[in-house]
Amino acid sequence: MNNFGSKLHRLLLHIALLAICIVTVFPLVWMVSAAFTPNDIIMSKSVRLWPEDPTLSNFTVAASRHPIWMWLWNSLLTATLITVGKLILAVPAGFAFGRLEFPGRQTLFWFVIATMSFPSVLAIIPTYIAVVKLQAFNTYGAMIIPSIPYIGFYVFYMRQAFRSLPASIFEAARMDGSGLGRQFIEIGLPNVIPAIAALSVISFMGAWNIYLWGQLVLDDAFKKTLTTGIASFADLEGADRAWGPLMATSLLSIVPVLLIFLLAQRFIVDALAPGIDDR
């Protein structure tokens, strides 16, 4: 009886999880289908999960009405530079907190951790005022530079990655006369590549999806990112019900992030593997 109850419980659990997966995936599947379905029949028939009369016209129509390829380039540029900027700051900081001894290390580290609880939205107004006063409004720098300093989690993660390395390899390097810079570049970095890759994906996805700040500081249609561009696209096309071009642009916005995740998947698994319980 207990065995039957356990199997029933597992069956119901799997059914519930399957239902949640269907509800989660369905909008994405419909978006892909609508992106390749002629615009005039998207809403004229019942919901279909496979495009009827597949076409690429939605992409060409979207490109003719809005600079979607420029939006794509802007998204790639800003997300890449934000990610690089965060890593340039977070990786050496993580090494310093994880492997070095200096006065006030713990206090400074807890201060960095405390910044994770600070809502970034509270800094929007003063940051916006600073951007305007510096005459950086409507520039890529206004989008990129203010987004870099939010690295509390990144510093914490890299600190843990460096602390997980055996202290003996750094001791041996010191005995061989290696300075801190050489220890960091030749010993530390090669052993934390999976952690850096995982953070790169997290940072890129976060930067790719920046919306509110982009809406505030990017007014030129040719400087918008895909995230902010799609919003204006939806506003302009809502009355015309141009769902096909809108879904085509939305599909375009998720492809780069999906490809990066797939390419870095092995590194992400390697980064998470030490924390997996083998029980």
# chains A, B, ... in the order shown; residues from 1 in each chain; ligands from 1

call {"tool": "residues_around", "arguments": {"residues": "stretch 181-196 of chain A", "least_positions_apart": "3", "cutoff": "12 Å", "atoms": "only C-alpha atoms", "output": "ChimeraX atom specification"}}
result
/A:83-84,86-88,90-96,98-100,154-178,199-204,264-275

call {"tool": "select_by_dssp", "arguments": {"residues": "stretch 14-259 of chain A", "states": "alpha helix (DSSP H)", "output": "PyMOL selection string"}}
result
chain A and resi 14-35+57-65+68-99+105-114+124-133+140-144+152-163+167-175+180-182+189-191+193-208+212-217+226-237+243-259

call {"tool": "closest_residue", "arguments": {"among": "A:Leu77, A:Ile42, A:Leu18, A:Leu262", "to": "A:Thr225", "atoms": "only C-alpha atoms"}}
result
A:Leu77

call {"tool": "residues_around", "arguments": {"residues": "A:Gly229", "least_positions_apart": "3", "cutoff": "12 Å", "atoms": "only C-alpha atoms", "output": "ChimeraX atom specification"}}
result
/A:62-63,65-75,209-212,214-215,218-226,232-237,246,249-250,252-253

call {"tool": "closest_residue", "arguments": {"among": "A:Val257, A:Ala142, A:Met247, A:Leu56", "to": "A:Ile124", "atoms": "only C-alpha atoms"}}
result
A:Ala142

call {"tool": "closest_residue", "arguments": {"among": "A:Thr107, A:Thr228, A:Ser33, A:Ser117", "to": "A:Met143", "atoms": "only C-alpha atoms"}}
result
A:Thr228

call {"tool": "closest_residue", "arguments": {"among": "A:Ile129, A:Pro245, A:Ile230, A:Ala79", "to": "A:Ser64", "atoms": "only C-alpha atoms"}}
result
A:Pro245

call {"tool": "atom_distance", "arguments": {"atom1": "atom CA of A:Ser46", "atom2": "atom CA of A:Ala19"}}
result
21.1 Å

call {"tool": "residues_around", "arguments": {"residues": "A:Trp30", "least_positions_apart": "5", "cutoff": "8 Å", "atoms": "only C-alpha atoms", "output": "PyMOL selection string"}}
result
chain A and resi 47-49

call {"tool": "closest_residue", "arguments": {"among": "A:Val121, A:Ala197, A:Ala248, A:Ile113", "to": "A:Pro38", "atoms": "only C-alpha atoms"}}
result
A:Ala248
